[in-house]
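Asks: I'm passing along structure12.cif; it holds mmCIF, N, CA and C atoms.
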```cif
data_run
#
loop_
_atom_site.label_atom_id
_atom_site.label_comp_id
_atom_site.auth_asym_id
_atom_site.auth_seq_id
_atom_site.Cartn_x
_atom_site.Cartn_y
_atom_site.Cartn_z
N MET E 217 29.66 6.85 30.48
CA MET E 217 28.64 7.58 29.75
C MET E 217 28.10 8.71 30.64
N SER E 218 27.60 9.73 30.02
CA SER E 218 27.14 10.90 30.77
C SER E 218 25.66 10.76 31.11
N GLU E 219 25.21 11.65 32.01
CA GLU E 219 23.81 11.70 32.38
C GLU E 219 23.14 12.81 31.58
N SER E 220 21.90 12.61 31.22
CA SER E 220 21.13 13.66 30.57
C SER E 220 19.78 13.75 31.25
N LYS E 221 18.97 14.71 30.84
CA LYS E 221 17.67 14.87 31.48
C LYS E 221 16.75 13.70 31.19
N SER E 222 17.05 12.89 30.16
CA SER E 222 16.23 11.73 29.82
C SER E 222 16.83 10.44 30.35
N GLY E 223 17.81 10.53 31.22
CA GLY E 223 18.44 9.33 31.78
C GLY E 223 19.85 9.16 31.24
N ARG E 224 20.41 8.03 31.59
CA ARG E 224 21.78 7.70 31.21
C ARG E 224 21.91 7.62 29.69
N SER E 225 23.00 8.15 29.17
CA SER E 225 23.20 8.08 27.72
C SER E 225 23.91 6.78 27.36
N MET E 226 23.72 6.38 26.12
CA MET E 226 24.31 5.13 25.64
C MET E 226 24.66 5.29 24.17
N ARG E 227 25.54 4.44 23.72
CA ARG E 227 25.90 4.44 22.30
C ARG E 227 24.99 3.46 21.56
N ILE E 228 25.14 3.43 20.27
CA ILE E 228 24.22 2.67 19.41
C ILE E 228 24.23 1.17 19.71
N GLY E 229 25.39 0.63 20.08
CA GLY E 229 25.46 -0.80 20.38
C GLY E 229 24.59 -1.18 21.57
N GLU E 230 24.59 -0.33 22.60
CA GLU E 230 23.77 -0.61 23.77
C GLU E 230 22.29 -0.45 23.42
N LEU E 231 21.95 0.58 22.65
CA LEU E 231 20.56 0.75 22.23
C LEU E 231 20.11 -0.48 21.44
N SER E 232 20.97 -0.97 20.59
CA SER E 232 20.66 -2.17 19.81
C SER E 232 20.39 -3.36 20.74
N ARG E 233 21.26 -3.56 21.70
CA ARG E 233 21.08 -4.67 22.65
C ARG E 233 19.79 -4.53 23.46
N ARG E 234 19.50 -3.32 23.88
CA ARG E 234 18.34 -3.10 24.75
C ARG E 234 17.01 -3.15 24.00
N THR E 235 17.04 -2.92 22.69
CA THR E 235 15.80 -2.93 21.92
C THR E 235 15.67 -4.17 21.03
N GLY E 236 16.79 -4.87 20.82
CA GLY E 236 16.76 -6.02 19.91
C GLY E 236 16.73 -5.61 18.45
N VAL E 237 17.03 -4.36 18.16
CA VAL E 237 17.02 -3.84 16.80
C VAL E 237 18.47 -3.65 16.34
N HIS E 238 18.79 -4.19 15.18
CA HIS E 238 20.16 -4.12 14.66
C HIS E 238 20.60 -2.66 14.49
N GLU E 239 21.87 -2.43 14.72
CA GLU E 239 22.43 -1.07 14.60
C GLU E 239 22.14 -0.46 13.23
N ARG E 240 22.21 -1.28 12.21
CA ARG E 240 21.96 -0.78 10.85
C ARG E 240 20.54 -0.21 10.73
N LEU E 241 19.57 -0.90 11.34
CA LEU E 241 18.20 -0.39 11.32
C LEU E 241 18.06 0.88 12.14
N LEU E 242 18.77 0.97 13.24
CA LEU E 242 18.73 2.20 14.04
C LEU E 242 19.25 3.39 13.24
N ARG E 243 20.32 3.16 12.47
CA ARG E 243 20.84 4.24 11.62
C ARG E 243 19.82 4.61 10.54
N TYR E 244 19.14 3.58 10.00
CA TYR E 244 18.10 3.82 9.00
C TYR E 244 16.97 4.65 9.61
N TYR E 245 16.56 4.32 10.82
CA TYR E 245 15.51 5.09 11.48
C TYR E 245 15.94 6.56 11.62
N GLU E 246 17.20 6.76 11.91
CA GLU E 246 17.70 8.14 12.01
C GLU E 246 17.62 8.83 10.64
N GLN E 247 18.04 8.13 9.60
CA GLN E 247 17.98 8.71 8.24
C GLN E 247 16.56 9.07 7.85
N GLN E 248 15.60 8.29 8.32
CA GLN E 248 14.19 8.53 8.00
C GLN E 248 13.55 9.58 8.90
N GLY E 249 14.32 10.13 9.82
CA GLY E 249 13.80 11.17 10.72
C GLY E 249 12.99 10.63 11.88
N LEU E 250 13.16 9.34 12.19
CA LEU E 250 12.41 8.73 13.29
C LEU E 250 13.14 8.82 14.62
N LEU E 251 14.45 8.80 14.58
CA LEU E 251 15.29 8.92 15.77
C LEU E 251 16.16 10.16 15.62
N HIS E 252 16.43 10.80 16.73
CA HIS E 252 17.23 12.04 16.70
C HIS E 252 18.29 12.01 17.80
N PRO E 253 19.31 11.16 17.65
CA PRO E 253 20.34 11.10 18.69
C PRO E 253 21.20 12.35 18.70
N ASP E 254 21.73 12.64 19.88
CA ASP E 254 22.74 13.69 19.98
C ASP E 254 24.02 13.13 19.40
N ARG E 255 24.92 14.03 19.02
CA ARG E 255 26.23 13.61 18.52
C ARG E 255 27.30 14.14 19.45
N ARG E 256 28.22 13.27 19.78
CA ARG E 256 29.39 13.68 20.57
C ARG E 256 30.37 14.39 19.63
N PRO E 257 31.32 15.11 20.19
CA PRO E 257 32.34 15.75 19.35
C PRO E 257 33.08 14.73 18.48
N SER E 258 33.18 13.49 18.96
CA SER E 258 33.85 12.44 18.20
C SER E 258 33.00 11.93 17.03
N GLY E 259 31.70 12.34 16.99
CA GLY E 259 30.80 11.89 15.94
C GLY E 259 29.93 10.72 16.35
N TYR E 260 30.23 10.12 17.49
CA TYR E 260 29.42 8.99 17.95
C TYR E 260 28.00 9.46 18.28
N ARG E 261 27.05 8.61 17.95
CA ARG E 261 25.66 8.88 18.32
C ARG E 261 25.49 8.61 19.81
N GLU E 262 24.65 9.41 20.44
CA GLU E 262 24.39 9.26 21.86
C GLU E 262 22.88 9.19 22.07
N TYR E 263 22.43 8.09 22.64
CA TYR E 263 21.01 7.84 22.86
C TYR E 263 20.69 7.86 24.35
N THR E 264 19.41 7.99 24.67
CA THR E 264 18.96 7.94 26.06
C THR E 264 17.85 6.90 26.20
N ASP E 265 17.40 6.72 27.43
CA ASP E 265 16.30 5.79 27.69
C ASP E 265 15.05 6.17 26.89
N THR E 266 14.85 7.44 26.65
CA THR E 266 13.71 7.90 25.85
C THR E 266 13.75 7.28 24.45
N ASP E 267 14.94 7.12 23.90
CA ASP E 267 15.07 6.54 22.57
C ASP E 267 14.65 5.07 22.55
N ILE E 268 14.81 4.39 23.66
CA ILE E 268 14.34 2.99 23.74
C ILE E 268 12.84 2.96 23.51
N ALA E 269 12.12 3.84 24.17
CA ALA E 269 10.66 3.90 24.00
C ALA E 269 10.30 4.27 22.56
N VAL E 270 11.04 5.19 21.97
CA VAL E 270 10.77 5.59 20.58
C VAL E 270 10.96 4.40 19.64
N VAL E 271 12.04 3.66 19.83
CA VAL E 271 12.29 2.49 18.98
C VAL E 271 11.17 1.48 19.14
N ARG E 272 10.70 1.28 20.34
CA ARG E 272 9.58 0.34 20.55
C ARG E 272 8.32 0.81 19.84
N ARG E 273 8.06 2.12 19.88
CA ARG E 273 6.91 2.67 19.14
C ARG E 273 7.07 2.43 17.65
N ILE E 274 8.26 2.69 17.14
CA ILE E 274 8.53 2.48 15.71
C ILE E 274 8.26 1.02 15.34
N ARG E 275 8.78 0.10 16.14
CA ARG E 275 8.60 -1.33 15.84
C ARG E 275 7.12 -1.73 15.87
N THR E 276 6.38 -1.19 16.81
CA THR E 276 4.95 -1.48 16.89
C THR E 276 4.23 -0.98 15.64
N LEU E 277 4.56 0.23 15.21
CA LEU E 277 3.91 0.81 14.04
C LEU E 277 4.31 0.09 12.75
N LEU E 278 5.56 -0.33 12.66
CA LEU E 278 5.99 -1.12 11.50
C LEU E 278 5.23 -2.45 11.46
N ALA E 279 5.09 -3.08 12.62
CA ALA E 279 4.35 -4.35 12.70
C ALA E 279 2.88 -4.16 12.33
N ALA E 280 2.36 -2.96 12.52
CA ALA E 280 0.97 -2.66 12.16
C ALA E 280 0.82 -2.38 10.67
N GLY E 281 1.94 -2.41 9.94
CA GLY E 281 1.86 -2.25 8.49
C GLY E 281 2.12 -0.84 7.99
N LEU E 282 2.55 0.06 8.86
CA LEU E 282 2.82 1.43 8.43
C LEU E 282 4.24 1.54 7.89
N ASN E 283 4.43 2.42 6.93
CA ASN E 283 5.78 2.64 6.41
C ASN E 283 6.47 3.75 7.20
N THR E 284 7.77 3.88 7.02
CA THR E 284 8.52 4.83 7.84
C THR E 284 8.13 6.28 7.59
N ALA E 285 7.71 6.61 6.37
CA ALA E 285 7.28 7.99 6.09
C ALA E 285 6.03 8.32 6.90
N THR E 286 5.09 7.39 6.95
CA THR E 286 3.88 7.60 7.74
C THR E 286 4.22 7.67 9.22
N ILE E 287 5.08 6.77 9.65
CA ILE E 287 5.47 6.74 11.06
C ILE E 287 6.10 8.07 11.47
N ALA E 288 6.93 8.63 10.60
CA ALA E 288 7.58 9.91 10.92
C ALA E 288 6.56 11.01 11.18
N THR E 289 5.43 10.96 10.48
CA THR E 289 4.43 12.02 10.67
C THR E 289 3.58 11.80 11.91
N ILE E 290 3.37 10.53 12.29
CA ILE E 290 2.47 10.29 13.43
C ILE E 290 3.18 10.05 14.75
N LEU E 291 4.45 9.76 14.70
CA LEU E 291 5.20 9.45 15.92
C LEU E 291 5.09 10.54 17.00
N PRO E 292 5.15 11.81 16.63
CA PRO E 292 5.04 12.85 17.67
C PRO E 292 3.67 12.89 18.35
N CYS E 293 2.68 12.24 17.75
CA CYS E 293 1.32 12.28 18.29
C CYS E 293 0.94 11.00 19.03
N LEU E 294 1.93 10.27 19.49
CA LEU E 294 1.67 9.04 20.23
C LEU E 294 2.43 9.04 21.54
N ARG E 295 1.82 8.43 22.54
CA ARG E 295 2.51 8.21 23.81
C ARG E 295 2.26 6.76 24.21
N ASP E 296 3.09 6.28 25.11
CA ASP E 296 2.96 4.91 25.60
C ASP E 296 2.06 4.87 26.83
N ASP E 297 1.29 3.81 26.91
CA ASP E 297 0.52 3.50 28.11
C ASP E 297 0.67 1.99 28.31
N GLY E 298 1.75 1.62 28.97
CA GLY E 298 2.07 0.20 29.08
C GLY E 298 2.47 -0.32 27.71
N ASP E 299 1.78 -1.34 27.25
CA ASP E 299 2.06 -1.92 25.95
C ASP E 299 1.25 -1.28 24.82
N ARG E 300 0.41 -0.32 25.16
CA ARG E 300 -0.44 0.32 24.14
C ARG E 300 0.11 1.67 23.74
N LEU E 301 -0.19 2.03 22.49
CA LEU E 301 0.12 3.37 22.01
C LEU E 301 -1.17 4.17 22.04
N ILE E 302 -1.08 5.38 22.59
CA ILE E 302 -2.25 6.24 22.76
C ILE E 302 -2.09 7.47 21.87
N PRO E 303 -3.06 7.72 20.97
CA PRO E 303 -3.00 8.94 20.15
C PRO E 303 -3.19 10.18 21.03
N THR E 304 -2.43 11.23 20.73
CA THR E 304 -2.54 12.47 21.51
C THR E 304 -2.93 13.67 20.65
N CYS E 305 -3.07 13.46 19.34
CA CYS E 305 -3.46 14.54 18.43
C CYS E 305 -4.79 14.17 17.77
N PRO E 306 -5.75 15.09 17.74
CA PRO E 306 -7.06 14.77 17.17
C PRO E 306 -7.00 14.29 15.72
N ASP E 307 -6.16 14.89 14.90
CA ASP E 307 -6.08 14.52 13.48
C ASP E 307 -5.53 13.11 13.28
N LEU E 308 -4.85 12.60 14.27
CA LEU E 308 -4.22 11.29 14.13
C LEU E 308 -5.24 10.18 13.95
N ILE E 309 -6.37 10.28 14.58
CA ILE E 309 -7.39 9.23 14.47
C ILE E 309 -7.82 9.07 13.02
N ALA E 310 -8.07 10.15 12.33
CA ALA E 310 -8.47 10.08 10.92
C ALA E 310 -7.34 9.49 10.07
N ASP E 311 -6.11 9.89 10.36
CA ASP E 311 -4.97 9.34 9.61
C ASP E 311 -4.85 7.83 9.83
N LEU E 312 -5.02 7.39 11.07
CA LEU E 312 -4.94 5.97 11.37
C LEU E 312 -6.08 5.19 10.71
N ARG E 313 -7.25 5.79 10.68
CA ARG E 313 -8.38 5.13 9.98
C ARG E 313 -8.08 5.00 8.50
N ASN E 314 -7.49 6.02 7.92
CA ASN E 314 -7.12 5.94 6.49
C ASN E 314 -6.10 4.83 6.26
N GLU E 315 -5.13 4.72 7.14
CA GLU E 315 -4.13 3.65 7.02
C GLU E 315 -4.79 2.28 7.16
N ARG E 316 -5.71 2.17 8.11
CA ARG E 316 -6.43 0.91 8.29
C ARG E 316 -7.23 0.56 7.03
N ASP E 317 -7.87 1.55 6.43
CA ASP E 317 -8.64 1.32 5.20
C ASP E 317 -7.71 0.88 4.06
N ARG E 318 -6.52 1.48 3.99
CA ARG E 318 -5.55 1.09 2.97
C ARG E 318 -5.14 -0.37 3.16
N LEU E 319 -4.88 -0.75 4.40
CA LEU E 319 -4.50 -2.14 4.69
C LEU E 319 -5.65 -3.10 4.38
N THR E 320 -6.87 -2.71 4.72
CA THR E 320 -8.03 -3.55 4.43
C THR E 320 -8.17 -3.78 2.93
N ALA E 321 -7.98 -2.74 2.15
CA ALA E 321 -8.06 -2.88 0.68
C ALA E 321 -6.96 -3.80 0.16
N ALA E 322 -5.76 -3.66 0.72
CA ALA E 322 -4.65 -4.53 0.30
C ALA E 322 -4.93 -5.99 0.65
N ILE E 323 -5.52 -6.22 1.81
CA ILE E 323 -5.88 -7.58 2.22
C ILE E 323 -6.92 -8.16 1.27
N GLU E 324 -7.91 -7.38 0.92
CA GLU E 324 -8.94 -7.84 -0.01
C GLU E 324 -8.34 -8.16 -1.38
N ASP E 325 -7.41 -7.31 -1.83
CA ASP E 325 -6.74 -7.58 -3.11
C ASP E 325 -5.96 -8.90 -3.04
N MET E 326 -5.31 -9.15 -1.94
CA MET E 326 -4.55 -10.39 -1.78
C MET E 326 -5.49 -11.60 -1.72
N ARG E 327 -6.63 -11.46 -1.07
CA ARG E 327 -7.61 -12.55 -1.04
C ARG E 327 -8.10 -12.87 -2.45
N THR E 328 -8.35 -11.84 -3.23
CA THR E 328 -8.78 -12.04 -4.62
C THR E 328 -7.70 -12.77 -5.40
N SER E 329 -6.45 -12.36 -5.20
CA SER E 329 -5.33 -13.02 -5.88
C SER E 329 -5.22 -14.48 -5.45
N ARG E 330 -5.36 -14.74 -4.17
CA ARG E 330 -5.28 -16.11 -3.68
C ARG E 330 -6.40 -16.96 -4.26
N THR E 331 -7.60 -16.42 -4.35
CA THR E 331 -8.73 -17.15 -4.93
C THR E 331 -8.45 -17.49 -6.39
N ALA E 332 -7.87 -16.54 -7.12
CA ALA E 332 -7.53 -16.80 -8.53
C ALA E 332 -6.48 -17.90 -8.64
N LEU E 333 -5.48 -17.86 -7.76
CA LEU E 333 -4.46 -18.92 -7.78
C LEU E 333 -5.05 -20.27 -7.41
N ASP E 334 -5.94 -20.29 -6.42
CA ASP E 334 -6.60 -21.53 -6.03
C ASP E 334 -7.36 -22.13 -7.21
N ALA E 335 -8.03 -21.28 -7.99
CA ALA E 335 -8.79 -21.76 -9.15
C ALA E 335 -7.86 -22.37 -10.20
N VAL E 336 -6.71 -21.74 -10.43
CA VAL E 336 -5.75 -22.28 -11.40
C VAL E 336 -5.21 -23.62 -10.90
N ILE E 337 -4.85 -23.68 -9.63
CA ILE E 337 -4.33 -24.93 -9.05
C ILE E 337 -5.37 -26.04 -9.14
N ALA E 338 -6.61 -25.71 -8.81
CA ALA E 338 -7.69 -26.71 -8.82
C ALA E 338 -8.00 -27.22 -10.21
N SER E 339 -7.69 -26.43 -11.23
CA SER E 339 -7.99 -26.86 -12.60
C SER E 339 -6.91 -27.76 -13.21
N ALA E 340 -5.86 -28.04 -12.48
CA ALA E 340 -4.79 -28.90 -13.00
C ALA E 340 -5.34 -30.31 -13.21
N PRO E 341 -4.97 -30.94 -14.34
CA PRO E 341 -5.37 -32.34 -14.55
C PRO E 341 -4.81 -33.22 -13.43
N GLU E 342 -5.50 -34.30 -13.12
CA GLU E 342 -5.13 -35.16 -12.01
C GLU E 342 -3.70 -35.66 -12.11
N ASP E 343 -3.24 -36.03 -13.32
CA ASP E 343 -1.88 -36.55 -13.45
C ASP E 343 -0.83 -35.47 -13.12
N VAL E 344 -1.11 -34.23 -13.48
CA VAL E 344 -0.21 -33.11 -13.17
C VAL E 344 -0.24 -32.84 -11.66
N ALA E 345 -1.43 -32.84 -11.08
CA ALA E 345 -1.55 -32.61 -9.64
C ALA E 345 -0.86 -33.71 -8.86
N ALA E 346 -1.01 -34.96 -9.29
CA ALA E 346 -0.39 -36.09 -8.61
C ALA E 346 1.14 -35.98 -8.68
N ALA E 347 1.65 -35.60 -9.83
CA ALA E 347 3.12 -35.47 -10.00
C ALA E 347 3.65 -34.33 -9.13
N ALA E 348 2.83 -33.29 -8.94
CA ALA E 348 3.27 -32.16 -8.11
C ALA E 348 3.32 -32.54 -6.64
N ARG E 349 2.49 -33.50 -6.22
CA ARG E 349 2.46 -33.89 -4.81
C ARG E 349 3.64 -34.77 -4.43
N THR E 350 4.31 -35.37 -5.40
CA THR E 350 5.42 -36.27 -5.09
C THR E 350 6.75 -35.58 -5.12
#
```
Please express what this file holds, its structure, as structure tokens.

Replies:
Amino acid sequence: MSESKSGRSMRIGELSRRTGVHERLLRYYEQQGLLHPDRRPSGYREYTDTDIAVVRRIRTLLAAGLNTATIATILPCLRDDGDRLIPTCPDLIADLRNERDRLTAAIEDMRTSRTALDAVIASAPEDVAAAART
């Protein structure tokens, strides 16, 4: 493999092994504009150590409940500080607060749904509830 300004280059299989992310997902991240590998004349994707950090950022943001379209817009405004992501663009804070508010509303909607299901379950006649437990 060749050297680049971002470190040693690697193919998708090695990036997959080093990040724990399946090759198929890495290709999906590229399709979504989240990863931008170089291409060799043979067509093979070529990644660097920098891409490992990008994949880790993507995984962190996905785990936080963000979708790939949102991640694509905010990814350039984040940097790593150990295990934390640090916003580097002023507008990003407002965007992240909006996403947090969206998640909070979704959680509240799910709690309401769970409460409604609990009420239906609790209203089951004892013989039906007993049969369901066995």

Asks: Find the spatial neighbours of region 280-297 of chain E, counting only N, CA and C atoms, within a cut-off of 8 Å - ignore same-chain residues fewer than 5 positions away - and output them as a ChimeraX atom specification.

Replies: /E:245,248-251,269,273-275,302-306,308,315,319

Asks: Write the selection just made, keeping N, CA and C atoms, as a PDB file, keeping the file's coordinate frame?

Replies:
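Wrote part.pdb, looks like this:
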```pdb
ATOM      1  N   TYR E 245      16.560   4.320  10.820  1.00  0.00           N
ATOM      2  CA  TYR E 245      15.510   5.090  11.480  1.00  0.00           C
ATOM      3  C   TYR E 245      15.940   6.560  11.620  1.00  0.00           C
ATOM      4  N   GLN E 248      15.600   8.290   8.320  1.00  0.00           N
ATOM      5  CA  GLN E 248      14.190   8.530   8.000  1.00  0.00           C
ATOM      6  C   GLN E 248      13.550   9.580   8.900  1.00  0.00           C
ATOM      7  N   GLY E 249      14.320  10.130   9.820  1.00  0.00           N
ATOM      8  CA  GLY E 249      13.800  11.170  10.720  1.00  0.00           C
ATOM      9  C   GLY E 249      12.990  10.630  11.880  1.00  0.00           C
ATOM     10  N   LEU E 250      13.160   9.340  12.190  1.00  0.00           N
ATOM     11  CA  LEU E 250      12.410   8.730  13.290  1.00  0.00           C
ATOM     12  C   LEU E 250      13.140   8.820  14.620  1.00  0.00           C
ATOM     13  N   LEU E 251      14.450   8.800  14.580  1.00  0.00           N
ATOM     14  CA  LEU E 251      15.290   8.920  15.770  1.00  0.00           C
ATOM     15  C   LEU E 251      16.160  10.160  15.620  1.00  0.00           C
ATOM     16  N   ALA E 269      12.120   3.840  24.170  1.00  0.00           N
ATOM     17  CA  ALA E 269      10.660   3.900  24.000  1.00  0.00           C
ATOM     18  C   ALA E 269      10.300   4.270  22.560  1.00  0.00           C
ATOM     19  N   ARG E 273       8.060   2.120  19.880  1.00  0.00           N
ATOM     20  CA  ARG E 273       6.910   2.670  19.140  1.00  0.00           C
ATOM     21  C   ARG E 273       7.070   2.430  17.650  1.00  0.00           C
ATOM     22  N   ILE E 274       8.260   2.690  17.140  1.00  0.00           N
ATOM     23  CA  ILE E 274       8.530   2.480  15.710  1.00  0.00           C
ATOM     24  C   ILE E 274       8.260   1.020  15.340  1.00  0.00           C
ATOM     25  N   ARG E 275       8.780   0.100  16.140  1.00  0.00           N
ATOM     26  CA  ARG E 275       8.600  -1.330  15.840  1.00  0.00           C
ATOM     27  C   ARG E 275       7.120  -1.730  15.870  1.00  0.00           C
ATOM     28  N   ILE E 302      -1.080   5.380  22.590  1.00  0.00           N
ATOM     29  CA  ILE E 302      -2.250   6.240  22.760  1.00  0.00           C
ATOM     30  C   ILE E 302      -2.090   7.470  21.870  1.00  0.00           C
ATOM     31  N   PRO E 303      -3.060   7.720  20.970  1.00  0.00           N
ATOM     32  CA  PRO E 303      -3.000   8.940  20.150  1.00  0.00           C
ATOM     33  C   PRO E 303      -3.190  10.180  21.030  1.00  0.00           C
ATOM     34  N   THR E 304      -2.430  11.230  20.730  1.00  0.00           N
ATOM     35  CA  THR E 304      -2.540  12.470  21.510  1.00  0.00           C
ATOM     36  C   THR E 304      -2.930  13.670  20.650  1.00  0.00           C
ATOM     37  N   CYS E 305      -3.070  13.460  19.340  1.00  0.00           N
ATOM     38  CA  CYS E 305      -3.460  14.540  18.430  1.00  0.00           C
ATOM     39  C   CYS E 305      -4.790  14.170  17.770  1.00  0.00           C
ATOM     40  N   PRO E 306      -5.750  15.090  17.740  1.00  0.00           N
ATOM     41  CA  PRO E 306      -7.060  14.770  17.170  1.00  0.00           C
ATOM     42  C   PRO E 306      -7.000  14.290  15.720  1.00  0.00           C
ATOM     43  N   LEU E 308      -4.850  12.600  14.270  1.00  0.00           N
ATOM     44  CA  LEU E 308      -4.220  11.290  14.130  1.00  0.00           C
ATOM     45  C   LEU E 308      -5.240  10.180  13.950  1.00  0.00           C
ATOM     46  N   GLU E 315      -5.130   4.720   7.140  1.00  0.00           N
ATOM     47  CA  GLU E 315      -4.130   3.650   7.020  1.00  0.00           C
ATOM     48  C   GLU E 315      -4.790   2.280   7.160  1.00  0.00           C
ATOM     49  N   LEU E 319      -4.880  -0.750   4.400  1.00  0.00           N
ATOM     50  CA  LEU E 319      -4.500  -2.140   4.690  1.00  0.00           C
ATOM     51  C   LEU E 319      -5.650  -3.100   4.380  1.00  0.00           C
TER      52      LEU E 319
END
```

Asks: Here's the selection I'm unsure about, the PyMOL selection byres (((chain E and resi 230-238 and name CA) around 12) and name CA); applied to the file above, which residues does it give, as number ranges by chain?

Replies: E: 217, 224-229, 239-245, 251, 253, 261-275

Asks: DSSP says alpha helix (DSSP H) for which residues of region 218-323 of chain E? Put them as a PyMOL selection string?

Replies: chain E and resi 228-235+239-247+265-279+284-290+306-323

Asks: Can you tell me, as a list of chain:residue names, which residues in chain E count as strand (DSSP E or B) by DSSP?

Replies: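 Answer for chain E restricted to strand (DSSP E or B) is E:Glu219, E:Ser220, E:Gly223, E:Arg224, E:Met226, E:Asp254, E:Arg255, E:Arg261, E:Glu262, E:Tyr263, E:Leu294, E:Arg295, E:Asp296, E:Asp297, E:Arg300, E:Leu301, E:Ile302, E:Pro303.
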
Asks: Using only N, CA and C atoms, please write the residues we just selected to a file, as a compact mmCIF listing (two decimals), keeping the file's coordinate frame.

Replies:
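Printed below is part-v6.txt as written:
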```txt
# COMPACT_ATOMS: atom_id res chain seq x y z
N GLU E 219 25.21 11.65 32.01
CA GLU E 219 23.81 11.70 32.38
C GLU E 219 23.14 12.81 31.58
N SER E 220 21.90 12.61 31.22
CA SER E 220 21.13 13.66 30.57
C SER E 220 19.78 13.75 31.25
N GLY E 223 17.81 10.53 31.22
CA GLY E 223 18.44 9.33 31.78
C GLY E 223 19.85 9.16 31.24
N ARG E 224 20.41 8.03 31.59
CA ARG E 224 21.78 7.70 31.21
C ARG E 224 21.91 7.62 29.69
N MET E 226 23.72 6.38 26.12
CA MET E 226 24.31 5.13 25.64
C MET E 226 24.66 5.29 24.17
N ASP E 254 21.73 12.64 19.88
CA ASP E 254 22.74 13.69 19.98
C ASP E 254 24.02 13.13 19.40
N ARG E 255 24.92 14.03 19.02
CA ARG E 255 26.23 13.61 18.52
C ARG E 255 27.30 14.14 19.45
N ARG E 261 27.05 8.61 17.95
CA ARG E 261 25.66 8.88 18.32
C ARG E 261 25.49 8.61 19.81
N GLU E 262 24.65 9.41 20.44
CA GLU E 262 24.39 9.26 21.86
C GLU E 262 22.88 9.19 22.07
N TYR E 263 22.43 8.09 22.64
CA TYR E 263 21.01 7.84 22.86
C TYR E 263 20.69 7.86 24.35
N LEU E 294 1.93 10.27 19.49
CA LEU E 294 1.67 9.04 20.23
C LEU E 294 2.43 9.04 21.54
N ARG E 295 1.82 8.43 22.54
CA ARG E 295 2.51 8.21 23.81
C ARG E 295 2.26 6.76 24.21
N ASP E 296 3.09 6.28 25.11
CA ASP E 296 2.96 4.91 25.60
C ASP E 296 2.06 4.87 26.83
N ASP E 297 1.29 3.81 26.91
CA ASP E 297 0.52 3.50 28.11
C ASP E 297 0.67 1.99 28.31
N ARG E 300 0.41 -0.32 25.16
CA ARG E 300 -0.44 0.32 24.14
C ARG E 300 0.11 1.67 23.74
N LEU E 301 -0.19 2.03 22.49
CA LEU E 301 0.12 3.37 22.01
C LEU E 301 -1.17 4.17 22.04
N ILE E 302 -1.08 5.38 22.59
CA ILE E 302 -2.25 6.24 22.76
C ILE E 302 -2.09 7.47 21.87
N PRO E 303 -3.06 7.72 20.97
CA PRO E 303 -3.00 8.94 20.15
C PRO E 303 -3.19 10.18 21.03
```

Asks: Between CA of Gln247 (chain E) and CA of Thr320 (chain E), what is the spacing in Å?

Replies: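 Pair CA of Thr320 (chain E) / CA of Gln247 (chain E) returns 29.0 Å.
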
Asks: Just the number, please: distance in Å from atom N of His252 (chain E) to atom C of Arg300 (chain E), one decimal.

Replies: 20.0 Å

Asks: What are the centre and the three edge lengths of an axis-aligned box that wraps all atoms of region 263-271 of chain E in the file, given that 4 Å is added to every side, written as AutoDock Vina command-line options and rounded to one decimal in Å?

Replies:
```
--center_x 16.4 --center_y 4.8 --center_z 23.3 --size_x 20.1 --size_y 14.6 --size_z 16.7
```

Asks: To one decimal in Å, tell me the separation between CA of Leu277 (chain E) and CA of Arg316 (chain E).

Replies: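 Taking CA of Leu277 (chain E) and CA of Arg316 (chain E), their separation equals 11.8 Å.
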
Asks: Give me region 237-244 of chain E with N, CA, C and O atoms filled in, as a PDB file, keeping the file's coordinate frame.

Replies:
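Saved result, part27.pdb, follows:
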```pdb
ATOM      1  N   VAL E 237      17.030  -4.360  18.160  1.00  0.00           N
ATOM      2  CA  VAL E 237      17.020  -3.840  16.800  1.00  0.00           C
ATOM      3  C   VAL E 237      18.470  -3.650  16.340  1.00  0.00           C
ATOM      4  O   VAL E 237      19.264  -3.032  17.049  1.00  0.00           O
ATOM      5  N   HIS E 238      18.790  -4.190  15.180  1.00  0.00           N
ATOM      6  CA  HIS E 238      20.160  -4.120  14.660  1.00  0.00           C
ATOM      7  C   HIS E 238      20.600  -2.660  14.490  1.00  0.00           C
ATOM      8  O   HIS E 238      19.799  -1.786  14.152  1.00  0.00           O
ATOM      9  N   GLU E 239      21.870  -2.430  14.720  1.00  0.00           N
ATOM     10  CA  GLU E 239      22.430  -1.070  14.600  1.00  0.00           C
ATOM     11  C   GLU E 239      22.140  -0.460  13.230  1.00  0.00           C
ATOM     12  O   GLU E 239      21.872   0.732  13.118  1.00  0.00           O
ATOM     13  N   ARG E 240      22.210  -1.280  12.210  1.00  0.00           N
ATOM     14  CA  ARG E 240      21.960  -0.780  10.850  1.00  0.00           C
ATOM     15  C   ARG E 240      20.540  -0.210  10.730  1.00  0.00           C
ATOM     16  O   ARG E 240      20.326   0.830  10.099  1.00  0.00           O
ATOM     17  N   LEU E 241      19.570  -0.900  11.340  1.00  0.00           N
ATOM     18  CA  LEU E 241      18.200  -0.390  11.320  1.00  0.00           C
ATOM     19  C   LEU E 241      18.060   0.880  12.140  1.00  0.00           C
ATOM     20  O   LEU E 241      17.319   1.799  11.752  1.00  0.00           O
ATOM     21  N   LEU E 242      18.770   0.970  13.240  1.00  0.00           N
ATOM     22  CA  LEU E 242      18.730   2.200  14.040  1.00  0.00           C
ATOM     23  C   LEU E 242      19.250   3.390  13.240  1.00  0.00           C
ATOM     24  O   LEU E 242      18.682   4.480  13.293  1.00  0.00           O
ATOM     25  N   ARG E 243      20.320   3.160  12.470  1.00  0.00           N
ATOM     26  CA  ARG E 243      20.840   4.240  11.620  1.00  0.00           C
ATOM     27  C   ARG E 243      19.820   4.610  10.540  1.00  0.00           C
ATOM     28  O   ARG E 243      19.643   5.773  10.203  1.00  0.00           O
ATOM     29  N   TYR E 244      19.140   3.580  10.000  1.00  0.00           N
ATOM     30  CA  TYR E 244      18.100   3.820   9.000  1.00  0.00           C
ATOM     31  C   TYR E 244      16.970   4.650   9.610  1.00  0.00           C
ATOM     32  O   TYR E 244      16.472   5.593   8.974  1.00  0.00           O
TER      33      TYR E 244
END
```
